[in-house]
Amino acid sequence: MKIHAEPKQLTEHLRGGTRGATVAVHPLSGGEVHAPLSFVERAGGRLEALRTLGIGTPRSQWHWLPCPAFLIRHPSAGPILVDTGLHPSVSTKPRENMGRLVSRFGRPRLEPEGDVPARLRAMGLDAKTIPVVIMTHLHIDHTSAISEFPGATFIVTEPEWEAATTDRRPMLRGYRPAHYDYAFDYRTLGYGGERISSYSTFGRTFDLFGDGSVRLAFTPGHSPGHQCVIARLRDRDFVIAGDVVYNLRQLDDAPEPPRPADRHNWRRSKRELQLFRSQFPQAVIVPSHDDELWPKLDERYE
């Protein structure tokens, strides 16, 4: 696999931080995909692999799972996006962006003007001038609209970039290289340098602007280099959990996901998130694909 982009290592804080800064977070709907519950919660048994694909479950019992992005407004660093939602073309021709298999199985859907760039326009922002995009990971449902943010610096972990650009069978691992095969400004974070420290229950974090307002937490397992984003509101934290868990039930007693890249690391990352919730029950924790939680979210948190 040949990727044209040549990432640079991220070893220093980004510019724009302000001591004591707090941020606002806007959850942004970015489309949906159709999946059986067994795709996100392990079914068990001899036929687990088939159940994961929805075989034996009628489509009427499948769930429409959100594919969101999150806009973080920083008082001095400007707007920051987390993940990208589905590409605008998915509203009319999903196969072109998502591929034949995903389009047939997941039936991705997006309302006209329901894509993240359109939602940003409605908020007075131009997707082409968003300065920073943080990627929780590079799976297809998170990277679909990367092409719409050509002016951004993209933050992704080193192990995630390695996995997404070297795997011989990327689609089987959830990657679609065409989504990120652009000569954009990619910065890879190693989580092993002198700027890495713990934060609360998270063992390895990076303070993106050096002011404590936006922290990235290394939470591998779902994918080799998954990371969460912890945004500091006025009186609590907002945790963009990505796919550490698909839904909040998995922080309690719901079945585990069926096929994480590394189940041992996934359980460790999940435990860090569980402990954080127990210590800070006032914090807002939002997984990417919780179809029950998503309609209950506020438009803005600050």
# chains A, B, ... in the order shown; residues from 1 in each chain; ligands from 1
>>> residues_around(residues="stretch 122-128 of chain A", least_positions_apart="4", cutoff="12 Å", atoms="only C-alpha atoms", output="number ranges by chain")
A: 26, 28, 71, 73, 78-81, 84, 113-118, 132-133, 145-153, 184, 299-300
>>> residues_around(residues="A:Leu37", least_positions_apart="4", cutoff="9 Å", atoms="only C-alpha atoms", output="ChimeraX atom specification")
/A:41-43,52,54,61-63
>>> write_last_selection(atoms="N, CA and C atoms", output="mmCIF file, in the first residue's frame")
data_model
loop_
_atom_site.group_PDB
_atom_site.id
_atom_site.type_symbol
_atom_site.label_atom_id
_atom_site.label_comp_id
_atom_site.auth_asym_id
_atom_site.auth_seq_id
_atom_site.Cartn_x
_atom_site.Cartn_y
_atom_site.Cartn_z
ATOM 1 N N GLU A 41 -22.049 -5.625 20.163
ATOM 2 C CA GLU A 41 -22.029 -6.357 21.422
ATOM 3 C C GLU A 41 -21.906 -7.848 21.125
ATOM 4 N N ARG A 42 -20.901 -8.459 21.688
ATOM 5 C CA ARG A 42 -20.549 -9.835 21.383
ATOM 6 C C ARG A 42 -21.713 -10.792 21.651
ATOM 7 N N ALA A 43 -22.073 -11.600 20.646
ATOM 8 C CA ALA A 43 -23.210 -12.508 20.771
ATOM 9 C C ALA A 43 -22.837 -13.820 21.444
ATOM 10 N N THR A 52 -22.440 -11.641 14.030
ATOM 11 C CA THR A 52 -21.805 -10.329 13.932
ATOM 12 C C THR A 52 -22.155 -9.649 12.616
ATOM 13 N N GLY A 54 -24.919 -10.068 11.115
ATOM 14 C CA GLY A 54 -26.361 -9.874 11.054
ATOM 15 C C GLY A 54 -27.134 -11.060 10.528
ATOM 16 N N GLN A 61 -34.663 -5.356 12.967
ATOM 17 C CA GLN A 61 -34.137 -5.325 14.325
ATOM 18 C C GLN A 61 -32.728 -4.745 14.396
ATOM 19 N N TRP A 62 -32.201 -4.288 13.265
ATOM 20 C CA TRP A 62 -30.893 -3.641 13.262
ATOM 21 C C TRP A 62 -31.020 -2.221 13.813
ATOM 22 N N HIS A 63 -29.878 -1.627 14.146
ATOM 23 C CA HIS A 63 -29.850 -0.291 14.734
ATOM 24 C C HIS A 63 -29.175 0.694 13.772
#
>>> select_by_dssp(residues="stretch 20-132 of chain A", states="strand (DSSP E)", output="ChimeraX atom specification")
/A:24-28,32-35,63-66,69-74,78-82,132
>>> atom_distance(atom1="atom CA of A:Ile72", atom2="atom CA of A:Met98")
26.2 Å
>>> closest_residue(among="A:Tyr186, A:Glu111, A:Pro58, A:Glu48", to="A:Ser29", atoms="only C-alpha atoms")
A:Glu111
>>> closest_atom_pairs(of="stretch 46-114 of chain A", to="stretch 242-247 of chain A", cutoff="10 Å", atoms="only C-alpha atoms", output="JSON lines")
{"residue": "A:Leu65", "atom": "CA", "partner": "A:Tyr246", "partner_atom": "CA", "distance": 9.3}
{"residue": "A:Pro68", "atom": "CA", "partner": "A:Gly242", "partner_atom": "CA", "distance": 9.5}
{"residue": "A:Ala69", "atom": "CA", "partner": "A:Gly242", "partner_atom": "CA", "distance": 9.7}
{"residue": "A:Val82", "atom": "CA", "partner": "A:Gly242", "partner_atom": "CA", "distance": 9.3}
{"residue": "A:Asp83", "atom": "CA", "partner": "A:Gly242", "partner_atom": "CA", "distance": 8.9}
>>> write_last_selection(atoms="C-alpha atoms", output="PDB file, in the first residue's frame")
ATOM      1  CA  LEU A  65     -25.675   3.932  14.656  1.00  0.00           C
ATOM      2  CA  PRO A  68     -20.514  11.818  14.629  1.00  0.00           C
ATOM      3  CA  ALA A  69     -17.863  14.471  14.804  1.00  0.00           C
ATOM      4  CA  VAL A  82     -12.636  15.514  16.310  1.00  0.00           C
ATOM      5  CA  ASP A  83     -13.270  12.942  13.559  1.00  0.00           C
TER       6      ASP A  83
END
>>> residues_around(residues="stretch 220-224 of chain A", least_positions_apart="3", cutoff="10 Å", atoms="only C-alpha atoms", output="number ranges by chain")
A: 136-139, 157-164, 173-174, 217, 227-228, 242-246, 257, 259-270
>>> residues_around(residues="A:Gly193", least_positions_apart="4", cutoff="12 Å", atoms="only C-alpha atoms", output="ChimeraX atom specification")
/A:9-13,189,197,204-206
>>> write_last_selection(atoms="N, CA and C atoms", output="CSV table (one decimal), in the first residue's frame")
chain,number,residue,atom,x,y,z
A,9,GLN,N,6.3,13.9,13.1
A,9,GLN,CA,6.1,13.6,14.5
A,9,GLN,C,5.6,14.8,15.2
A,10,LEU,N,4.7,14.6,16.1
A,10,LEU,CA,4.2,15.7,17.0
A,10,LEU,C,4.9,15.5,18.3
A,11,THR,N,5.8,16.4,18.7
A,11,THR,CA,6.5,16.2,19.9
A,11,THR,C,6.4,17.4,20.8
A,12,GLU,N,5.8,18.5,20.3
A,12,GLU,CA,5.6,19.7,21.1
A,12,GLU,C,4.1,20.1,21.1
A,13,HIS,N,3.7,20.9,22.1
A,13,HIS,CA,2.4,21.4,22.1
A,13,HIS,C,2.1,22.3,20.9
A,189,LEU,N,1.5,11.1,16.8
A,189,LEU,CA,1.9,11.2,18.3
A,189,LEU,C,2.2,9.8,18.8
A,197,SER,N,2.2,12.4,29.9
A,197,SER,CA,2.0,12.3,31.3
A,197,SER,C,0.7,11.6,31.6
A,204,ARG,N,-1.5,7.4,29.9
A,204,ARG,CA,-0.7,8.2,28.9
A,204,ARG,C,-1.5,9.2,28.2
A,205,THR,N,-1.2,10.5,28.5
A,205,THR,CA,-2.0,11.6,27.8
A,205,THR,C,-1.0,12.6,27.3
A,206,PHE,N,-1.5,13.4,26.4
A,206,PHE,CA,-0.8,14.5,25.8
A,206,PHE,C,-1.6,15.8,25.8
>>> atom_distance(atom1="atom CA of A:Gly44", atom2="atom CA of A:Glu32")
25.6 Å
>>> atom_distance(atom1="atom CA of A:Asp185", atom2="atom CA of A:Pro75")
22.9 Å
>>> select_by_dssp(residues="stretch 66-281 of chain A", states="helix (DSSP H, G or I)", output="count of residues only")
70
>>> closest_residue(among="A:Thr165, A:Ser213, A:Gln250, A:Gln279", to="A:Glu302", atoms="only C-alpha atoms")
A:Ser213
>>> closest_residue(among="A:Val25, A:His4, A:Phe105, A:Ala77", to="A:Leu53", atoms="only C-alpha atoms")
A:Phe105
